[in-house]
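Coordinates from entry-v3.txt are shown below (compact mmCIF, C-alpha atoms and all ligand atoms).
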```
# COMPACT_ATOMS: atom_id res chain seq x y z
CA MET C 192 -9.06 56.75 -37.15
CA THR C 193 -6.84 53.83 -36.39
CA THR C 194 -4.01 53.99 -38.90
CA SER C 195 -3.12 50.41 -39.63
CA PRO C 196 0.37 49.78 -41.01
CA ARG C 197 0.35 49.46 -44.81
CA SER C 198 0.57 45.88 -45.98
CA GLU C 199 3.10 46.38 -48.80
CA THR C 200 6.24 44.30 -48.51
CA VAL C 201 8.54 45.60 -45.80
CA PRO C 202 12.20 44.65 -45.31
CA GLY C 203 12.93 41.63 -43.16
CA TRP C 204 14.68 43.63 -40.44
CA LEU C 205 11.53 45.71 -39.93
CA ARG C 206 9.38 42.57 -39.68
CA VAL C 207 11.73 40.94 -37.18
CA ARG C 208 12.00 44.14 -35.16
CA GLU C 209 8.20 44.11 -34.99
CA LEU C 210 8.22 40.43 -34.03
CA MET C 211 10.63 40.99 -31.16
CA THR C 212 8.32 43.58 -29.57
CA THR C 213 5.00 41.82 -30.26
CA GLY C 214 4.93 40.37 -26.73
CA LEU C 215 4.47 43.95 -25.50
CA LEU C 216 1.05 44.05 -27.14
CA ALA C 217 0.03 41.04 -25.06
CA GLN C 218 1.33 42.74 -21.92
CA ALA C 219 -0.57 45.92 -22.80
CA VAL C 220 -3.78 43.89 -23.18
CA THR C 221 -3.19 42.43 -19.70
CA VAL C 222 -2.83 45.96 -18.29
CA LEU C 223 -6.05 47.06 -20.01
CA CYS C 224 -7.85 44.03 -18.57
CA ASP C 225 -6.51 44.55 -15.06
CA LEU C 226 -7.67 48.18 -15.20
CA GLY C 227 -11.17 47.11 -16.28
CA VAL C 228 -10.93 48.94 -19.61
CA PRO C 229 -12.90 46.37 -21.69
CA GLU C 230 -16.10 46.95 -19.66
CA ALA C 231 -15.62 50.71 -19.81
CA LEU C 232 -15.27 50.73 -23.61
CA ILE C 233 -18.48 48.99 -24.67
CA THR C 234 -19.34 52.39 -26.17
CA PRO C 235 -16.71 54.93 -27.41
CA ARG C 236 -15.10 56.98 -24.62
CA ASP C 237 -12.76 59.92 -24.52
CA VAL C 238 -9.50 59.02 -22.80
CA VAL C 239 -9.94 61.61 -20.03
CA ALA C 240 -13.32 60.22 -18.95
CA LEU C 241 -12.05 56.68 -19.39
CA ALA C 242 -8.93 57.28 -17.28
CA LYS C 243 -11.08 58.74 -14.49
CA GLU C 244 -13.37 55.73 -14.52
CA VAL C 245 -10.59 53.10 -14.43
CA ASP C 246 -8.33 55.05 -12.05
CA ALA C 247 -5.47 55.67 -14.52
CA ASP C 248 -3.57 58.65 -15.82
CA PRO C 249 -4.89 59.84 -19.24
CA GLU C 250 -1.44 60.31 -20.76
CA GLY C 251 -0.22 57.07 -19.19
CA LEU C 252 -3.19 55.20 -20.60
CA VAL C 253 -2.85 56.36 -24.23
CA PRO C 254 0.12 54.13 -25.24
CA PHE C 255 -1.63 51.10 -23.77
CA LEU C 256 -4.87 51.93 -25.59
CA ARG C 257 -2.99 52.38 -28.87
CA ALA C 258 -1.23 49.08 -28.30
CA GLY C 259 -4.72 47.58 -27.88
CA CYS C 260 -5.59 49.09 -31.27
CA ALA C 261 -2.45 47.57 -32.83
CA ALA C 262 -3.49 44.22 -31.33
CA GLY C 263 -6.96 44.60 -32.88
CA VAL C 264 -8.96 44.57 -29.64
CA LEU C 265 -9.61 48.35 -29.57
CA ASP C 266 -10.31 50.98 -32.16
CA GLU C 267 -9.69 54.76 -32.07
CA PRO C 268 -12.53 56.21 -34.20
CA GLU C 269 -11.54 59.80 -33.30
CA PRO C 270 -8.33 61.14 -31.76
CA LYS C 271 -8.06 59.86 -28.16
CA VAL C 272 -11.54 58.29 -28.29
CA PHE C 273 -11.46 54.52 -27.93
CA VAL C 274 -13.90 51.61 -28.20
CA LEU C 275 -13.79 47.83 -27.93
CA THR C 276 -13.77 46.05 -31.31
CA GLU C 277 -15.71 42.89 -32.15
CA LEU C 278 -12.53 40.86 -31.46
CA GLY C 279 -12.06 42.65 -28.13
CA GLN C 280 -15.48 41.56 -26.79
CA VAL C 281 -13.98 38.32 -25.40
CA LEU C 282 -11.89 40.46 -23.02
CA ARG C 283 -15.06 41.40 -21.12
CA ALA C 284 -15.40 39.44 -17.90
CA ASP C 285 -19.09 38.74 -18.61
CA HIS C 286 -18.61 37.45 -22.18
CA PRO C 287 -19.70 33.79 -22.54
CA GLU C 288 -16.32 32.97 -24.15
CA SER C 289 -14.35 35.35 -21.95
CA VAL C 290 -10.55 34.99 -21.92
CA ARG C 291 -10.24 37.78 -19.35
CA LEU C 292 -8.73 35.68 -16.55
CA LEU C 293 -6.25 34.01 -18.91
CA CYS C 294 -5.10 37.51 -19.97
CA SER C 295 -4.57 38.46 -16.33
CA LEU C 296 -2.76 35.19 -15.64
CA THR C 297 -0.30 35.24 -18.53
CA GLY C 298 0.76 38.83 -17.76
CA ARG C 299 1.84 37.86 -14.24
CA GLU C 300 5.38 38.35 -12.95
CA GLU C 301 5.64 34.58 -12.38
CA PHE C 302 5.43 34.03 -16.13
CA HIS C 303 7.93 36.78 -16.97
CA ARG C 304 10.51 35.49 -14.51
CA THR C 305 10.05 32.03 -15.98
CA TRP C 306 10.71 33.35 -19.47
CA ALA C 307 13.87 35.03 -18.19
CA ASN C 308 15.20 31.49 -17.67
CA ALA C 309 14.10 30.13 -21.06
CA LEU C 310 17.70 29.79 -22.29
CA HIS C 311 18.33 27.39 -19.41
CA SER C 312 15.27 25.34 -20.49
CA ALA C 313 16.58 25.13 -24.04
CA ARG C 314 20.04 24.03 -22.85
CA THR C 315 18.92 21.50 -20.24
CA ALA C 316 15.27 20.59 -21.00
CA GLU C 317 14.54 21.61 -17.39
CA PRO C 318 11.69 24.02 -16.59
CA GLY C 319 12.66 27.64 -15.94
CA PHE C 320 10.03 28.21 -13.24
CA PRO C 321 11.88 26.44 -10.36
CA ILE C 322 15.03 28.43 -11.15
CA ALA C 323 13.14 31.65 -10.60
CA TYR C 324 11.03 30.50 -7.63
CA GLY C 325 12.98 27.67 -6.01
CA LYS C 326 10.20 25.12 -6.33
CA PRO C 327 8.02 23.52 -9.04
CA PHE C 328 4.99 25.43 -10.35
CA PHE C 329 2.27 23.50 -8.47
CA ASP C 330 4.26 23.56 -5.18
CA TYR C 331 4.64 27.32 -5.53
CA MET C 332 0.88 27.64 -5.87
CA LYS C 333 0.27 25.76 -2.63
CA ALA C 334 2.28 28.49 -0.87
CA THR C 335 0.92 31.46 -2.83
CA PRO C 336 -2.88 31.57 -2.36
CA GLU C 337 -3.43 34.77 -4.32
CA PHE C 338 -1.68 33.42 -7.44
CA ALA C 339 -3.30 30.01 -6.95
CA ALA C 340 -6.77 31.56 -6.78
CA LEU C 341 -6.19 33.44 -10.06
CA PHE C 342 -4.79 30.30 -11.73
CA ASP C 343 -7.69 28.13 -10.55
CA ARG C 344 -10.30 30.69 -11.61
CA ALA C 345 -8.59 31.07 -15.00
CA MET C 346 -8.61 27.28 -15.42
CA ALA C 347 -12.29 27.06 -14.43
CA SER C 348 -13.19 29.84 -16.89
CA SER C 349 -11.35 28.11 -19.73
CA ALA C 350 -12.34 24.49 -18.97
CA ALA C 351 -13.11 22.70 -22.24
CA VAL C 352 -16.63 21.83 -21.13
CA ASP C 353 -18.27 22.28 -24.56
CA ASN C 354 -15.64 20.14 -26.29
CA LEU C 355 -16.06 17.33 -23.77
CA LEU C 356 -19.85 17.40 -23.76
CA SER C 357 -20.08 17.50 -27.56
CA GLY C 358 -17.15 15.11 -28.14
CA TYR C 359 -18.00 12.42 -25.60
CA SER C 360 -21.16 10.77 -24.29
CA PHE C 361 -21.51 9.73 -20.65
CA ASP C 362 -24.90 8.06 -21.38
CA GLY C 363 -23.76 4.58 -20.42
CA ALA C 364 -21.65 5.76 -17.48
CA ARG C 365 -22.38 5.55 -13.76
CA HIS C 366 -19.64 7.40 -11.92
CA VAL C 367 -17.04 9.90 -13.21
CA VAL C 368 -13.78 10.38 -11.32
CA ASP C 369 -12.26 13.73 -12.34
CA VAL C 370 -8.55 13.44 -11.56
CA GLY C 371 -6.87 16.85 -11.15
CA GLY C 372 -10.27 18.40 -11.80
CA GLY C 373 -9.42 21.91 -10.55
CA ARG C 374 -12.31 23.79 -8.95
CA GLY C 375 -14.82 21.31 -10.37
CA ALA C 376 -16.07 23.30 -13.38
CA MET C 377 -15.89 20.27 -15.67
CA LEU C 378 -17.39 17.81 -13.19
CA THR C 379 -20.22 20.24 -12.38
CA ALA C 380 -21.05 20.58 -16.09
CA ILE C 381 -21.04 16.79 -16.57
CA LEU C 382 -23.25 16.15 -13.53
CA THR C 383 -25.64 18.90 -14.58
CA ARG C 384 -25.97 17.45 -18.10
CA TYR C 385 -26.28 13.87 -16.83
CA PRO C 386 -28.51 13.84 -13.70
CA HIS C 387 -28.07 10.06 -13.27
CA LEU C 388 -24.27 10.33 -12.74
CA ARG C 389 -22.24 10.44 -9.55
CA GLY C 390 -18.85 12.15 -9.45
CA THR C 391 -15.60 12.19 -7.52
CA LEU C 392 -13.07 15.02 -7.62
CA VAL C 393 -9.43 14.23 -6.86
CA GLU C 394 -7.46 17.47 -6.30
CA LEU C 395 -4.77 19.04 -4.18
CA PRO C 396 -6.33 20.09 -0.83
CA HIS C 397 -6.18 23.87 -1.38
CA VAL C 398 -8.03 23.56 -4.69
CA ALA C 399 -10.45 20.85 -3.54
CA GLU C 400 -11.76 23.11 -0.75
CA ALA C 401 -12.72 25.83 -3.23
CA ALA C 402 -14.41 23.19 -5.43
CA ARG C 403 -16.85 22.32 -2.62
CA GLU C 404 -18.37 25.80 -2.95
CA VAL C 405 -18.72 25.36 -6.74
CA PHE C 406 -20.57 22.05 -6.29
CA ALA C 407 -22.84 23.54 -3.62
CA LYS C 408 -23.71 26.53 -5.81
CA ALA C 409 -24.58 24.22 -8.72
CA GLY C 410 -26.73 22.00 -6.47
CA VAL C 411 -24.76 18.82 -7.18
CA THR C 412 -23.10 18.36 -3.76
CA ASP C 413 -25.20 15.29 -2.91
CA ARG C 414 -23.78 13.48 -5.97
CA VAL C 415 -20.12 14.42 -5.46
CA THR C 416 -17.34 13.05 -3.31
CA VAL C 417 -14.35 15.36 -2.89
CA VAL C 418 -11.04 13.57 -2.31
CA PRO C 419 -8.36 16.09 -1.30
CA GLY C 420 -4.96 14.63 -2.14
CA SER C 421 -2.47 13.89 -4.87
CA PHE C 422 -3.02 11.92 -8.05
CA PHE C 423 0.38 10.34 -7.38
CA ASP C 424 -1.34 8.52 -4.48
CA PRO C 425 -3.88 5.71 -5.01
CA ILE C 426 -6.92 6.83 -7.01
CA PRO C 427 -10.49 5.95 -5.85
CA GLU C 428 -11.68 2.72 -7.44
CA ASP C 429 -15.44 3.25 -7.53
CA GLY C 430 -15.63 5.09 -10.88
CA ASP C 431 -16.29 3.76 -14.36
CA ARG C 432 -15.11 6.85 -16.30
CA TYR C 433 -11.79 8.41 -15.30
CA LEU C 434 -11.25 11.94 -16.56
CA LEU C 435 -7.86 13.62 -16.94
CA SER C 436 -8.57 17.09 -18.30
CA ARG C 437 -5.56 19.30 -19.09
CA VAL C 438 -3.45 17.22 -16.72
CA VAL C 439 -1.26 14.95 -18.85
CA GLY C 440 -0.03 17.99 -20.80
CA ASN C 441 1.37 19.43 -17.53
CA TRP C 442 3.87 16.61 -16.93
CA ASN C 443 6.91 15.10 -18.58
CA ASP C 444 6.69 11.56 -19.96
CA ALA C 445 7.88 9.79 -16.81
CA ASP C 446 5.41 11.61 -14.52
CA SER C 447 2.60 11.31 -17.08
CA VAL C 448 3.07 7.54 -17.19
CA ARG C 449 3.05 7.46 -13.36
CA ILE C 450 -0.26 9.35 -13.29
CA LEU C 451 -1.76 7.15 -16.01
CA ARG C 452 -0.61 3.94 -14.31
CA GLY C 453 -2.16 5.15 -11.04
CA VAL C 454 -5.47 5.68 -12.81
CA ARG C 455 -5.14 2.33 -14.60
CA ALA C 456 -4.64 0.59 -11.24
CA ALA C 457 -8.00 1.93 -10.07
CA MET C 458 -9.86 0.74 -13.18
CA ASP C 459 -11.73 -2.45 -14.12
CA ALA C 460 -11.67 -3.89 -17.64
CA ASP C 461 -14.99 -2.22 -18.64
CA ASP C 462 -14.04 1.23 -17.34
CA ARG C 463 -12.82 3.97 -19.65
CA LEU C 464 -10.20 6.70 -19.45
CA VAL C 465 -11.13 10.07 -20.99
CA ILE C 466 -8.31 12.52 -21.68
CA VAL C 467 -9.07 16.15 -22.54
CA GLY C 468 -6.12 18.15 -23.80
CA ASN C 469 -4.65 20.16 -26.60
CA VAL C 470 -3.44 17.75 -29.29
CA PRO C 471 -1.52 19.70 -31.96
CA SER C 472 -2.36 18.60 -35.51
CA GLY C 473 -2.21 19.79 -39.09
CA ASN C 474 -5.81 21.04 -38.65
CA ASP C 475 -4.83 23.86 -36.29
CA ARG C 476 -5.59 27.34 -37.67
CA THR C 477 -3.67 29.37 -35.08
CA ASN C 478 -0.21 29.18 -33.51
CA TYR C 479 -1.80 28.74 -30.07
CA PRO C 480 -0.96 25.02 -29.69
CA ARG C 481 2.71 25.74 -30.49
CA GLN C 482 2.73 28.63 -28.04
CA LEU C 483 1.01 26.57 -25.34
CA ASP C 484 3.61 23.87 -25.90
CA LEU C 485 6.30 26.44 -25.06
CA TYR C 486 4.44 27.47 -21.90
CA MET C 487 4.15 23.87 -20.76
CA PHE C 488 7.84 23.40 -21.38
CA VAL C 489 9.25 26.43 -19.58
CA LEU C 490 6.79 26.33 -16.71
CA LEU C 491 6.56 22.60 -16.13
CA GLY C 492 9.15 20.80 -18.25
CA ALA C 493 6.18 19.21 -20.06
CA ARG C 494 5.18 18.95 -23.72
CA LEU C 495 1.91 18.90 -25.62
CA ARG C 496 1.64 15.62 -27.48
CA ASP C 497 0.15 14.77 -30.83
CA TYR C 498 -2.13 11.74 -31.13
CA ASP C 499 0.71 9.32 -31.98
CA GLU C 500 2.67 10.47 -28.92
CA TYR C 501 -0.42 10.00 -26.72
CA GLU C 502 -0.78 6.51 -28.14
CA VAL C 503 2.79 5.59 -27.10
CA LEU C 504 2.26 7.02 -23.61
CA LEU C 505 -1.09 5.27 -23.16
CA ARG C 506 0.26 1.88 -24.26
CA GLU C 507 3.22 2.24 -21.89
CA ALA C 508 0.78 2.85 -19.02
CA GLY C 509 -1.38 -0.19 -19.86
CA PHE C 510 -4.11 1.35 -22.04
CA THR C 511 -5.39 0.81 -25.57
CA PRO C 512 -6.57 4.07 -27.20
CA THR C 513 -10.08 3.73 -28.68
CA GLY C 514 -10.36 7.04 -30.52
CA MET C 515 -10.20 10.81 -30.51
CA THR C 516 -12.57 13.67 -31.24
CA ASN C 517 -10.21 16.36 -32.50
CA PHE C 518 -10.95 20.04 -31.89
CA PRO C 519 -8.38 22.11 -33.81
CA ASP C 520 -6.55 24.80 -31.78
CA SER C 521 -8.45 23.70 -28.71
CA GLU C 522 -8.87 20.70 -26.39
CA SER C 523 -9.45 17.31 -28.03
CA VAL C 524 -11.05 14.29 -26.35
CA ILE C 525 -9.21 10.95 -26.35
CA GLU C 526 -10.75 7.74 -25.02
CA ALA C 527 -8.76 4.69 -23.92
CA MET C 528 -9.58 1.33 -22.33
CA PRO C 529 -7.49 -0.93 -20.12
CA ALA C 530 -5.28 -3.10 -22.36
C1 LIG L 1 -4.20 22.80 -15.87
S1 LIG L 1 -5.11 22.46 -14.45
C2 LIG L 1 -6.53 21.62 -15.12
C3 LIG L 1 -7.74 21.68 -14.23
C4 LIG L 1 -9.01 21.03 -14.81
N1 LIG L 1 -8.85 19.60 -14.97
C5 LIG L 1 -9.38 21.68 -16.13
O1 LIG L 1 -9.32 21.05 -17.18
O2 LIG L 1 -9.77 22.87 -16.07
C6 LIG L 1 -4.20 21.13 -13.70
C7 LIG L 1 -4.75 20.73 -12.33
O3 LIG L 1 -3.93 19.68 -11.79
C8 LIG L 1 -3.93 19.86 -10.39
N2 LIG L 1 -2.79 19.13 -9.80
C9 LIG L 1 -1.47 19.40 -9.93
N3 LIG L 1 -0.73 18.49 -9.25
C10 LIG L 1 -1.62 17.64 -8.69
C11 LIG L 1 -1.48 16.47 -7.88
N4 LIG L 1 -0.28 16.02 -7.52
N5 LIG L 1 -2.60 15.83 -7.49
C12 LIG L 1 -3.85 16.28 -7.85
N6 LIG L 1 -4.04 17.37 -8.63
C13 LIG L 1 -2.94 18.04 -9.04
C14 LIG L 1 -3.80 21.35 -10.23
O4 LIG L 1 -4.16 21.77 -8.93
C15 LIG L 1 -4.72 21.85 -11.32
O5 LIG L 1 -6.02 22.08 -10.83
```
Could you show the structure in this file as structure tokens?
Amino acid sequence: MTTSPRSETVPGWLRVRELMTTGLLAQAVTVLCDLGVPEALITPRDVVALAKEVDADPEGLVPFLRAGCAAGVLDEPEPKVFVLTELGQVLRADHPESVRLLCSLTGREEFHRTWANALHSARTAEPGFPIAYGKPFFDYMKATPEFAALFDRAMASSAAVDNLLSGYSFDGARHVVDVGGGRGAMLTAILTRYPHLRGTLVELPHVAEAAREVFAKAGVTDRVTVVPGSFFDPIPEDGDRYLLSRVVGNWNDADSVRILRGVRAAMDADDRLVIVGNVPSGNDRTNYPRQLDLYMFVLLGARLRDYDEYEVLLREAGFTPTGMTNFPDSESVIEAMPA
């Protein structure tokens, strides 16, 4: 019985008023996820039974459930009876394309306090996160294990494994060095697909430790070297494919060039750099790349770059781009060779 707003033309002030409160729908979806509502609503449930199951108050839960309906992830087929819609299935933790952990992550206080400083970012081009927390985003994570664990798990669950494996072939490769490879989700997938390959993971120590467990579970430990450390320090030289997945988009131009030059210094003429990252283009069907660009900016002082901007950055760091497989709205794959 969801009553969807009628689509006839409405005055601008009503549309903008709606716009200015749309973020609340996202926050409500985070609350529903953190309560475990998606799993409980695979079949229609009355709000009283639902509230008991997810440890919430029935009256407290109703506005959040109705916000979920407005967002399109829930439906209310009868008064105060709710069910997950087709769109809402990706909120389930066990869905193959689950965005559950990303929903939990983006609803965090750390993100809200960052947004509270967005005006400062616009005025100065500095990230808002350090104003709220006194240190840059990745330094904060080193000191906040609980947030870091959620971030790392959310990154692992959203790693662009399918894009990389369908957009790039490692057939002729010998050894992949995954630089800033998180908990190793991407490297594990590559090594599993290509049993002849060896791999090295370069990551900050607190993340690298958790990656060891991921490699062990996947049975690839004997082909992986874990190098705990910073990608601002010298990069291991024994690879022939150097992967930077969702890394360059986290840094401003000066730091990105430093990272790229560090990788370039480790490479021989026949080696290749593989960048995985969101590359906004006219082919995008959603506003997600624009919205992610904002996140990168206020959290990290970084920007998403289109292909031309990547080309400039790569040339400055001593690379010649050799091509891109573009995945609209999602992570593209760019290859470059030493210039
Ligand atoms: C957005 S995540 C991407 C993780 C992974 N490559 C992926 O695509 O899922 C960025 C990663 O960079 C790592 N990182 C940040 N600063 C680093 C540094 N100085 N040295 C090595 N890794 C770093 C973070 O720990 C994080 O895992």
Closest pair table for chain C residues within 10 Å of ligand LIG 1 (chain L), all atoms listed in the file, as CSV:
```
residue,atom,partner,partner_atom,distance
C:Phe328,CA,L:LIG1,C9,8.8
C:Phe329,CA,L:LIG1,C9,5.7
C:Asp330,CA,L:LIG1,N3,8.2
C:Met332,CA,L:LIG1,O4,8.3
C:Lys333,CA,L:LIG1,O4,8.7
C:Ala339,CA,L:LIG1,O4,8.5
C:Phe342,CA,L:LIG1,S1,8.3
C:Asp343,CA,L:LIG1,O5,6.3
C:Arg344,CA,L:LIG1,O2,9.0
C:Ala345,CA,L:LIG1,O2,8.4
C:Met346,CA,L:LIG1,O2,4.6
C:Ala347,CA,L:LIG1,O2,5.2
C:Ser348,CA,L:LIG1,O2,7.8
C:Ser349,CA,L:LIG1,O2,6.6
C:Ala350,CA,L:LIG1,O2,4.2
C:Ala351,CA,L:LIG1,O1,6.5
C:Val352,CA,L:LIG1,O1,8.3
C:Asp369,CA,L:LIG1,N1,7.3
C:Val370,CA,L:LIG1,C12,6.6
C:Gly371,CA,L:LIG1,N6,3.8
C:Gly372,CA,L:LIG1,N1,3.7
C:Gly373,CA,L:LIG1,O5,3.4
C:Arg374,CA,L:LIG1,O5,6.8
C:Gly375,CA,L:LIG1,C4,7.3
C:Ala376,CA,L:LIG1,O2,6.9
C:Met377,CA,L:LIG1,O2,6.7
C:Leu378,CA,L:LIG1,N1,8.9
C:Leu392,CA,L:LIG1,C12,9.3
C:Val393,CA,L:LIG1,C12,6.0
C:Glu394,CA,L:LIG1,C12,4.1
C:Leu395,CA,L:LIG1,C12,4.7
C:Pro396,CA,L:LIG1,C12,8.4
C:His397,CA,L:LIG1,O4,8.1
C:Val398,CA,L:LIG1,O4,6.0
C:Ala399,CA,L:LIG1,O4,8.3
C:Val418,CA,L:LIG1,C12,9.5
C:Pro419,CA,L:LIG1,C12,8.0
C:Gly420,CA,L:LIG1,N5,6.0
C:Ser421,CA,L:LIG1,N5,3.3
C:Phe422,CA,L:LIG1,N5,4.0
C:Phe423,CA,L:LIG1,N4,5.7
C:Asp424,CA,L:LIG1,N5,8.0
C:Ile426,CA,L:LIG1,C12,10.0
C:Leu434,CA,L:LIG1,N1,8.2
C:Leu435,CA,L:LIG1,N1,6.4
C:Ser436,CA,L:LIG1,N1,4.2
C:Arg437,CA,L:LIG1,O1,4.6
C:Val438,CA,L:LIG1,C6,5.0
C:Val439,CA,L:LIG1,C6,8.6
C:Gly440,CA,L:LIG1,C1,8.1
C:Asn441,CA,L:LIG1,C1,6.7
C:Trp442,CA,L:LIG1,N3,9.1
C:Ile450,CA,L:LIG1,N4,8.8
C:Ile466,CA,L:LIG1,O1,9.7
C:Val467,CA,L:LIG1,O1,7.3
C:Gly468,CA,L:LIG1,O1,7.9
C:Met487,CA,L:LIG1,C1,9.7
C:Glu522,CA,L:LIG1,O1,9.2
```
Checklist line | Straight-line distance linking atom CA of Asp266 of chain C with atom CA of Thr221 of chain C, stated in Å to one decimal | finding: 16.7 Å
Next item on the list: Considering only C-alpha atoms, state which residue in the set C:Thr516, C:Leu341, C:Arg452, C:Ala445 is at the smallest distance from Val470 of chain C.
Entry: C:Thr516
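The space between atom CA of Thr379 of chain C and atom CA of Leu293 of chain C spans 20.7 Å.
Candidate residues C:Ala242, C:Gly473, C:Asp459, C:Gly492 were compared for distance to Ala530 of chain C, and the nearest is C:Asp459, using only C-alpha atoms.
Going from atom CA of Val228 of chain C to atom CA of Glu300 of chain C covers 20.6 Å.
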Next item on the list: Show me as a PyMOL selection string the residues that reach within 10 Å of (-3.3, 46.0, -30.3), counting all atoms listed in the file and using the file's own coordinates.
Entry: chain C and resi 213+215-217+219-220+255-266+279
